[in-house]
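Visitor: Here it is, the structure in full.
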Amino acid sequence: MANIYQLTKEYNDLYELALANADEETGELDERITAALDIKGAELETKGISVAKVVKRLNATADEIDKEIERLTKMRKAVAGTIDRLKDGLKAAWLSAGIVKTESLNVTISFRKSEQVAIDNEADLPAEYKREIVTIKPDKTAIKAAIKSGKEVSGAHIEECLNIQIR
């Protein structure tokens, strides 16, 4: 069977053919062409139902993937928390015992010096050491409400959309 794009093209071609061959005086369409148009429309509906079933299955699969991602994300956070607690405990134990380095066949444990900036009071920092981060986004809900109430909002308009629903 043809795919939905081919069926749509064939349907539209038949429709154009029917209009082109319409009786100029009465406007009647050729019965053979309208019958073919009905058949092609039925094929298009059948294909549409098949596509909708695939979409439903894919939506279910996407939902399952989202749930699995959520589960794995929680698991990752739990593992990361355990890692941090174990490392903090090991660090505290070693510092209290004065151990600096240990090596074995599978692992080497040691301390590495690093530097990081500690902020004592953010309000006391000079402006040259602060960075302003601003995010400005259109408030589509407010814009829609304003346009619906009769206001003209330059740079925006409401578009009517047709969103396909598959249940």
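So you can find residues: chains in the structure tokens are A, B, ... in the order shown, residues in each start at 1, and ligands are numbered from 1 in order.
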Using only C-alpha atoms, which residues sit within 7 Å of A:Lys144 once same-chain residues fewer than 4 positions away are excluded, as a list in words?
Guide: Lys140, Lys148 and Ile158 of chain A
Visitor: Write out as a ChimeraX atom specification which residues come within 12 Å of stretch 110-126 of chain A when counting only C-alpha atoms, dropping same-chain ones fewer than 3 positions away.
Guide: /A:87,90-92,94-95,98-104,107,129-131
Visitor: Check chain A with DSSP on the backbone and list each residue it calls alpha helix (DSSP H), as number ranges by chain.
Guide: A: 4-20, 31-97, 140-148
Visitor: Between atom CA of A:Glu45 and atom CA of A:Asn3, what is the spacing in Å?
Guide: 11.7 Å
Visitor: Could you make a table, as JSON lines, of the residues of stretch 26-125 of chain A that have an atom within 9 Å of an atom of stretch 9-16 of chain A, each with its nearest atom pair and distance in Å to one decimal, counting only C-alpha atoms, in chain and number order?
Guide:
```
{"residue": "A:Ile33", "atom": "CA", "partner": "A:Leu14", "partner_atom": "CA", "distance": 6.9}
{"residue": "A:Thr34", "atom": "CA", "partner": "A:Tyr15", "partner_atom": "CA", "distance": 8.1}
{"residue": "A:Ala36", "atom": "CA", "partner": "A:Leu14", "partner_atom": "CA", "distance": 7.5}
{"residue": "A:Leu37", "atom": "CA", "partner": "A:Leu14", "partner_atom": "CA", "distance": 6.0}
{"residue": "A:Asp38", "atom": "CA", "partner": "A:Tyr11", "partner_atom": "CA", "distance": 9.0}
{"residue": "A:Lys40", "atom": "CA", "partner": "A:Tyr11", "partner_atom": "CA", "distance": 5.8}
{"residue": "A:Gly41", "atom": "CA", "partner": "A:Tyr11", "partner_atom": "CA", "distance": 6.7}
{"residue": "A:Leu44", "atom": "CA", "partner": "A:Tyr11", "partner_atom": "CA", "distance": 8.1}
```
Visitor: What does the file look like for those residues with all heavy atoms, as a tab-separated table (two decimals), in the first residue's frame?
Guide:
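Result went into part_13.tsv, see below:
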```tsv
chain	number	residue	atom	x	y	z
A	33	ILE	N	-14.57	9.44	-12.10
A	33	ILE	CA	-13.55	10.17	-11.33
A	33	ILE	C	-14.00	10.33	-9.88
A	33	ILE	O	-13.22	10.15	-8.95
A	33	ILE	CB	-13.23	11.54	-11.98
A	33	ILE	CG1	-12.64	11.34	-13.39
A	33	ILE	CG2	-12.25	12.32	-11.10
A	33	ILE	CD1	-12.44	12.63	-14.15
A	34	THR	N	-15.27	10.65	-9.66
A	34	THR	CA	-15.75	10.81	-8.27
A	34	THR	C	-15.73	9.47	-7.54
A	34	THR	O	-15.45	9.43	-6.34
A	34	THR	CB	-17.17	11.42	-8.22
A	34	THR	OG1	-18.06	10.63	-9.01
A	34	THR	CG2	-17.15	12.85	-8.71
A	36	ALA	N	-13.53	7.07	-8.13
A	36	ALA	CA	-12.11	6.87	-7.82
A	36	ALA	C	-11.69	7.76	-6.66
A	36	ALA	O	-10.90	7.36	-5.80
A	36	ALA	CB	-11.25	7.15	-9.06
A	37	LEU	N	-12.25	8.96	-6.62
A	37	LEU	CA	-11.95	9.90	-5.53
A	37	LEU	C	-12.46	9.35	-4.20
A	37	LEU	O	-11.77	9.44	-3.18
A	37	LEU	CB	-12.60	11.25	-5.85
A	37	LEU	CG	-12.13	12.48	-5.10
A	37	LEU	CD1	-10.64	12.70	-5.25
A	37	LEU	CD2	-12.89	13.71	-5.59
A	38	ASP	N	-13.65	8.75	-4.19
A	38	ASP	CA	-14.19	8.14	-2.98
A	38	ASP	C	-13.32	6.98	-2.50
A	38	ASP	O	-13.04	6.85	-1.30
A	38	ASP	CB	-15.62	7.63	-3.23
A	38	ASP	CG	-16.63	8.76	-3.36
A	38	ASP	OD1	-16.31	9.89	-2.94
A	38	ASP	OD2	-17.73	8.50	-3.89
A	40	LYS	N	-10.10	6.51	-3.19
A	40	LYS	CA	-8.82	7.04	-2.71
A	40	LYS	C	-9.00	7.70	-1.34
A	40	LYS	O	-8.13	7.58	-0.47
A	40	LYS	CB	-8.28	8.06	-3.73
A	40	LYS	CG	-6.83	8.42	-3.56
A	40	LYS	CD	-5.89	7.25	-3.59
A	40	LYS	CE	-5.84	6.57	-4.94
A	40	LYS	NZ	-4.92	5.41	-4.95
A	41	GLY	N	-10.13	8.36	-1.11
A	41	GLY	CA	-10.41	8.96	0.20
A	41	GLY	C	-10.51	7.90	1.28
A	41	GLY	O	-10.00	8.08	2.40
A	44	LEU	N	-7.10	6.70	2.04
A	44	LEU	CA	-6.41	7.72	2.84
A	44	LEU	C	-6.86	7.64	4.30
A	44	LEU	O	-6.04	7.74	5.22
A	44	LEU	CB	-6.69	9.10	2.25
A	44	LEU	CG	-5.87	10.28	2.74
A	44	LEU	CD1	-4.37	10.02	2.61
A	44	LEU	CD2	-6.24	11.53	1.96
```
Visitor: Which parts of stretch 47-126 of chain A does DSSP call strand (DSSP E or B) when run on the backbone here, written out as number ranges by chain?
Guide: A: 101-103, 108-110
Visitor: In Å to one decimal, how far is atom CA of A:Gly155 from atom CA of A:Thr141?
Guide: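 For atom CA of A:Thr141 relative to atom CA of A:Gly155, the distance reads 14.6 Å.
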Visitor: At what distance in Å, to one decimal, does atom CA of A:Ile49 lie from atom CA of A:Glu64?
Guide: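 Atom-to-atom, atom CA of A:Glu64 and atom CA of A:Ile49 are spaced 22.8 Å apart.
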Visitor: Which residues of stretch 83-127 of chain A come within 12 Å of stretch 65-79 of chain A, and for each one, what is the closest pair of atoms and their distance in Å to one decimal, counting only C-alpha atoms, sorted by chain and residue number, as CSV?
Guide:
```
residue,atom,partner,partner_atom,distance
A:Ile83,CA,A:Val79,CA,6.2
A:Asp84,CA,A:Val79,CA,8.6
A:Arg85,CA,A:Val79,CA,9.9
A:Leu86,CA,A:Val79,CA,10.5
```
Visitor: Could you save the residues just selected, with C-alpha atoms, as a short mmCIF file (atom, residue, chain, number, x, y, z; two decimals), in the first residue's frame?
Guide:
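And here is the file that came out, out06.cif:
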```cif
data_model
loop_
_atom_site.label_atom_id
_atom_site.label_comp_id
_atom_site.auth_asym_id
_atom_site.auth_seq_id
_atom_site.Cartn_x
_atom_site.Cartn_y
_atom_site.Cartn_z
CA ILE A 83 29.85 8.73 46.57
CA ASP A 84 30.05 12.18 48.16
CA ARG A 85 29.34 10.79 51.66
CA LEU A 86 31.94 8.02 51.27
#
```
Visitor: Tell me which protein, DNA and RNA residues are within 10 Å of A:Gly48, counting only C-alpha atoms, leaving out same-chain ones fewer than 6 positions away, and put them as a ChimeraX atom specification.
Guide: /A:3-4,42,54
